[in-house]
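Chemist: Have a look at the structure that comes next, please.
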Amino acid sequence: MSNQPKSISLVLGSGGARGHAHIGVIRAIAERGHNINNIAGTSMGAVIGGIYAAGKLDTYVDWANRLEKNDVLKLLDFSFTWKSIFKGERIIEVLKELIGDCQIEELERDFTAVATSLSEQREVWLNSGSLFRAIRASTAVPGVFAPVELDGVILVDGGLVNPIPIAPTLTDATDLTIAVNLSGLTDSYRPPADRKSAPASKSDEGYREKISQFIGSLMENGESDESDTDAADLLVKSIDVMQGAIARLKLAAYTPDKVIDVPRDACSFFEFNRAEEMAELGYKQASAALDDLGL
């Protein structure tokens, strides 16, 4: 393939905190001089894709790389209702204050956030209106974050029906379509030695315990078995299984020019404090994929 700069449609998949790998993918593409003209994203893919399209990714990265586990916990606004564990509004307000909201039509690049309509049982493409309203809808993981009502329609996380939203890019007039799959095989990732060897602190244990205890308190009978997976793990692992299965179907139906796989066990759903590590992983995976393409 020619070494001339290419125009690219970038598809950013869902996968919780693993979505910070999208940062490294974008960096690898940009460093080689290629142009990301169009972006379609689901859930965390919508967060990173939308912020990049707004030209504020560096601002977000500076903030995300400083997050520690206790900071992440402070961003989780417990809802104390049966609709969801968290409201999901606090993090959006923080990001709006950090990045600044805007209309999707005003972005530097074409951008589509994918959400799911519960009543119509289909995906919804959000490519106009408030950027952060679209991001909020696309990230409303069922049971985890509260759903969003937009124009009279109840919307939840797009990963429920389309964790790799390739379809919105099918009519793009770009040279290549590259998709990032956050549900890749689990045999290729090894954590950095310094992180792997670090013992868990009391604050680390408290962070996990607070989330697990809250989820467990919402369960009807309140009984638990120490030999079983705890409530938090059960919820997010179930989501991962579902999204991984759907992702494979979507990739079979719509084949992009290249798929960049990020191992699904690289980090857990709530480990947003590992942003820098996940970005480095994304950069590594993207660099290998671009080498394969001769770019």
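Each chain of the structure tokens is named A, B, ... in the order shown, its residues numbered from 1; ligands are numbered from 1 in display order.
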Need to verify the contact set: Gln4 of chain A, 12 Å, only C-alpha atoms, exclusion of same-chain residues closer than 2 positions in sequence. Can you return it as a list in words?
Modeler: Met1, Ser2, Lys6, Ser7, Arg32, Gly33, His34, Asn35, Asp175, Gly294 and Leu295 of chain A
Chemist: Write the residues of the selection above to a file with N, CA and C atoms, as an mmCIF file, in the first residue's frame.
Modeler:
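Below you can see result.cif, which holds the result:
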data_model
loop_
_atom_site.group_PDB
_atom_site.id
_atom_site.type_symbol
_atom_site.label_atom_id
_atom_site.label_comp_id
_atom_site.auth_asym_id
_atom_site.auth_seq_id
_atom_site.Cartn_x
_atom_site.Cartn_y
_atom_site.Cartn_z
ATOM 1 N N MET A 1 0.842 -1.191 0.000
ATOM 2 C CA MET A 1 0.000 0.000 0.000
ATOM 3 C C MET A 1 0.879 1.243 0.000
ATOM 4 N N SER A 2 0.426 2.285 -0.680
ATOM 5 C CA SER A 2 1.185 3.525 -0.791
ATOM 6 C C SER A 2 1.429 4.145 0.566
ATOM 7 N N LYS A 6 -3.361 8.648 4.340
ATOM 8 C CA LYS A 6 -4.680 8.096 4.041
ATOM 9 C C LYS A 6 -5.752 8.814 4.861
ATOM 10 N N SER A 7 -6.938 8.851 4.302
ATOM 11 C CA SER A 7 -8.096 9.307 5.070
ATOM 12 C C SER A 7 -8.744 8.073 5.687
ATOM 13 N N ARG A 32 1.690 8.864 12.183
ATOM 14 C CA ARG A 32 2.112 8.418 10.852
ATOM 15 C C ARG A 32 1.545 9.305 9.748
ATOM 16 N N GLY A 33 0.925 10.375 10.137
ATOM 17 C CA GLY A 33 0.494 11.370 9.167
ATOM 18 C C GLY A 33 -0.836 11.117 8.497
ATOM 19 N N HIS A 34 -1.599 10.137 8.980
ATOM 20 C CA HIS A 34 -2.891 9.842 8.372
ATOM 21 C C HIS A 34 -3.991 10.691 9.014
ATOM 22 N N ASN A 35 -5.067 10.867 8.283
ATOM 23 C CA ASN A 35 -6.136 11.763 8.715
ATOM 24 C C ASN A 35 -7.376 10.976 9.123
ATOM 25 N N ASP A 175 -10.376 6.475 2.577
ATOM 26 C CA ASP A 175 -9.553 5.411 1.991
ATOM 27 C C ASP A 175 -9.672 4.095 2.751
ATOM 28 N N GLY A 294 1.013 -1.682 5.836
ATOM 29 C CA GLY A 294 2.031 -0.949 5.088
ATOM 30 C C GLY A 294 1.903 0.543 5.244
ATOM 31 N N LEU A 295 1.343 0.973 6.382
ATOM 32 C CA LEU A 295 1.145 2.401 6.622
ATOM 33 C C LEU A 295 2.111 2.922 7.677
#
Chemist: Within 10 Å of segment 129-140 of chain A, which residues of segment 68-122 of chain A show up? Give each one with its shortest atom-to-atom distance in Å (one decimal) and the two atoms involved, counting only C-alpha atoms, rows by chain then rising residue number, as CSV.
Modeler:
residue,atom,partner,partner_atom,distance
A:Ser84,CA,A:Ala140,CA,9.3
A:Phe86,CA,A:Ala140,CA,9.6
A:Lys87,CA,A:Ala140,CA,9.0
A:Gly88,CA,A:Ala140,CA,7.4
A:Glu89,CA,A:Arg136,CA,7.9
A:Ile91,CA,A:Arg136,CA,9.3
A:Ile92,CA,A:Arg136,CA,6.8
A:Glu93,CA,A:Phe132,CA,8.8
A:Leu95,CA,A:Phe132,CA,8.4
A:Lys96,CA,A:Phe132,CA,7.0
A:Ile99,CA,A:Phe132,CA,9.8
A:Gly100,CA,A:Phe132,CA,8.9
A:Asp101,CA,A:Leu131,CA,6.2
A:Cys102,CA,A:Leu131,CA,5.7
A:Gln103,CA,A:Ser130,CA,4.7
A:Ile104,CA,A:Leu131,CA,5.2
A:Glu105,CA,A:Gly129,CA,7.1
A:Glu106,CA,A:Gly129,CA,9.4
A:Leu107,CA,A:Leu131,CA,8.9
A:Phe111,CA,A:Leu131,CA,9.3
A:Thr112,CA,A:Ala134,CA,8.7
A:Ala113,CA,A:Ala134,CA,6.2
A:Val114,CA,A:Ser138,CA,5.7
A:Ala115,CA,A:Ser138,CA,4.4
A:Thr116,CA,A:Ser138,CA,7.5
A:Ser117,CA,A:Ala137,CA,9.8
Chemist: What's the 7 Å shell around segment 275-282 of chain A, counting only C-alpha atoms, without same-chain residues fewer than 6 positions away, as a list in words?
Modeler: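 So, after excluding close chain neighbours, the residues are Arg18, His20, Ala21, His22, Ile23, Gly24, Val25, Ala64, Asn65 and Val262 of chain A.
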Chemist: Only all heavy atoms, please: the residues just picked out, written as an mmCIF file, in the first residue's frame.
Modeler:
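New file again_5.cif:
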data_model
loop_
_atom_site.group_PDB
_atom_site.id
_atom_site.type_symbol
_atom_site.label_atom_id
_atom_site.label_comp_id
_atom_site.auth_asym_id
_atom_site.auth_seq_id
_atom_site.Cartn_x
_atom_site.Cartn_y
_atom_site.Cartn_z
ATOM 1 N N ARG A 18 -11.195 -0.176 29.355
ATOM 2 C CA ARG A 18 -10.301 -0.567 28.255
ATOM 3 C C ARG A 18 -10.371 0.439 27.110
ATOM 4 O O ARG A 18 -9.481 0.497 26.261
ATOM 5 C CB ARG A 18 -10.667 -1.964 27.735
ATOM 6 C CG ARG A 18 -10.336 -3.087 28.674
ATOM 7 C CD ARG A 18 -10.402 -4.444 27.993
ATOM 8 N NE ARG A 18 -11.692 -4.717 27.385
ATOM 9 C CZ ARG A 18 -12.783 -5.134 28.040
ATOM 10 N NH1 ARG A 18 -12.732 -5.283 29.359
ATOM 11 N NH2 ARG A 18 -13.913 -5.377 27.416
ATOM 12 N N HIS A 20 -9.731 3.378 27.065
ATOM 13 C CA HIS A 20 -8.599 4.307 27.014
ATOM 14 C C HIS A 20 -7.546 3.839 26.012
ATOM 15 O O HIS A 20 -6.677 4.626 25.624
ATOM 16 C CB HIS A 20 -7.987 4.469 28.397
ATOM 17 C CG HIS A 20 -8.751 5.421 29.267
ATOM 18 N ND1 HIS A 20 -9.126 5.124 30.556
ATOM 19 C CD2 HIS A 20 -9.241 6.665 29.024
ATOM 20 C CE1 HIS A 20 -9.786 6.145 31.062
ATOM 21 N NE2 HIS A 20 -9.877 7.085 30.158
ATOM 22 N N ALA A 21 -7.634 2.592 25.571
ATOM 23 C CA ALA A 21 -6.741 2.129 24.501
ATOM 24 C C ALA A 21 -6.991 2.910 23.218
ATOM 25 O O ALA A 21 -6.086 3.053 22.379
ATOM 26 C CB ALA A 21 -6.957 0.633 24.250
ATOM 27 N N HIS A 22 -8.191 3.444 23.046
ATOM 28 C CA HIS A 22 -8.502 4.240 21.859
ATOM 29 C C HIS A 22 -7.582 5.449 21.739
ATOM 30 O O HIS A 22 -7.274 5.898 20.630
ATOM 31 C CB HIS A 22 -9.950 4.722 21.902
ATOM 32 C CG HIS A 22 -10.976 3.627 21.850
ATOM 33 N ND1 HIS A 22 -10.845 2.515 21.055
ATOM 34 C CD2 HIS A 22 -12.166 3.488 22.491
ATOM 35 C CE1 HIS A 22 -11.904 1.734 21.204
ATOM 36 N NE2 HIS A 22 -12.715 2.300 22.068
ATOM 37 N N ILE A 23 -7.153 5.969 22.883
ATOM 38 C CA ILE A 23 -6.249 7.126 22.866
ATOM 39 C C ILE A 23 -4.953 6.779 22.142
ATOM 40 O O ILE A 23 -4.456 7.533 21.306
ATOM 41 C CB ILE A 23 -5.955 7.594 24.308
ATOM 42 C CG1 ILE A 23 -7.235 8.098 24.975
ATOM 43 C CG2 ILE A 23 -4.873 8.667 24.323
ATOM 44 C CD1 ILE A 23 -7.104 8.328 26.474
ATOM 45 N N GLY A 24 -4.389 5.607 22.479
ATOM 46 C CA GLY A 24 -3.157 5.181 21.839
ATOM 47 C C GLY A 24 -3.334 4.875 20.363
ATOM 48 O O GLY A 24 -2.435 5.132 19.547
ATOM 49 N N VAL A 25 -4.496 4.332 20.004
ATOM 50 C CA VAL A 25 -4.780 4.063 18.592
ATOM 51 C C VAL A 25 -4.782 5.367 17.800
ATOM 52 O O VAL A 25 -4.158 5.474 16.732
ATOM 53 C CB VAL A 25 -6.140 3.343 18.442
ATOM 54 C CG1 VAL A 25 -6.526 3.247 16.966
ATOM 55 C CG2 VAL A 25 -6.085 1.957 19.073
ATOM 56 N N ALA A 64 -7.147 12.406 32.699
ATOM 57 C CA ALA A 64 -7.345 10.974 32.932
ATOM 58 C C ALA A 64 -6.091 10.305 33.485
ATOM 59 O O ALA A 64 -6.190 9.393 34.320
ATOM 60 C CB ALA A 64 -7.771 10.290 31.634
ATOM 61 N N ASN A 65 -4.924 10.752 33.051
ATOM 62 C CA ASN A 65 -3.681 10.130 33.509
ATOM 63 C C ASN A 65 -3.386 10.419 34.979
ATOM 64 O O ASN A 65 -2.544 9.756 35.589
ATOM 65 C CB ASN A 65 -2.503 10.600 32.655
ATOM 66 C CG ASN A 65 -2.478 9.936 31.298
ATOM 67 O OD1 ASN A 65 -3.243 9.018 31.018
ATOM 68 N ND2 ASN A 65 -1.601 10.413 30.416
ATOM 69 N N VAL A 262 -7.925 -5.373 21.196
ATOM 70 C CA VAL A 262 -7.414 -5.120 22.548
ATOM 71 C C VAL A 262 -7.929 -6.246 23.431
ATOM 72 O O VAL A 262 -9.146 -6.484 23.488
ATOM 73 C CB VAL A 262 -7.899 -3.755 23.068
ATOM 74 C CG1 VAL A 262 -7.476 -3.558 24.523
ATOM 75 C CG2 VAL A 262 -7.363 -2.626 22.189
#
Chemist: Considering only C-alpha atoms, state which residue in the set A:Ile164, A:Val141, A:Ala146, A:Ile26 is at the smallest distance from Ser287 of chain A.
Modeler: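 Of A:Ile164, A:Val141, A:Ala146, A:Ile26, the one nearest Ser287 of chain A, counting only C-alpha atoms, is A:Ile26.
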Chemist: To one decimal in Å, tell me the separation between atom CA of Val72 of chain A and atom CA of Leu182 of chain A.
Modeler: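 One can read the atom CA of Val72 of chain A to atom CA of Leu182 of chain A distance as 20.6 Å.
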Chemist: Name all residues at most 8 Å from Thr177 of chain A (count only C-alpha atoms; drop same-chain ones fewer than 3 positions away) and give them as a count of residues only.
Modeler: 9
Chemist: Taking only residues of segment 117-157 of chain A that have an atom at most 10 Å from an atom of segment 36-40 of chain A, what is each one's shortest atom pair and its distance in Å to one decimal, using only C-alpha atoms, in chain and number order, as CSV?
Modeler:
residue,atom,partner,partner_atom,distance
A:Trp125,CA,A:Ala40,CA,9.0
A:Leu126,CA,A:Ala40,CA,9.6
A:Asn127,CA,A:Ala40,CA,9.3
Chemist: Any chance you could export the current selection's C-alpha atoms as a PDB file, in the first residue's frame?
Modeler:
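The new file part-v4.pdb reads:
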ATOM      1  CA  TRP A 125     -27.158   7.008  15.585  1.00  0.00           C
ATOM      2  CA  LEU A 126     -26.608  10.332  17.329  1.00  0.00           C
ATOM      3  CA  ASN A 127     -24.863  12.717  14.929  1.00  0.00           C
TER       4      ASN A 127
END
Chemist: Name the residues of segment 49-91 of chain A that come out as strand (DSSP E or B) in a backbone DSSP run; write them as a list in words.
Modeler: Phe78, Ser84, Ile85 and Phe86 of chain A
Chemist: Which of these, A:Ala173, A:Leu118, A:Leu73, A:Leu98, has the shortest distance to Gly152 of chain A once you count only C-alpha atoms?
Modeler: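 Answer, going by the shortest atom-to-atom distance: A:Leu118.
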Chemist: Could you please determine the separation between atom CA of Ile48 of chain A and atom CA of Leu75 of chain A in Å, to one decimal place?
Modeler: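 If I compute the distance from atom CA of Ile48 of chain A to atom CA of Leu75 of chain A, I get 17.2 Å.
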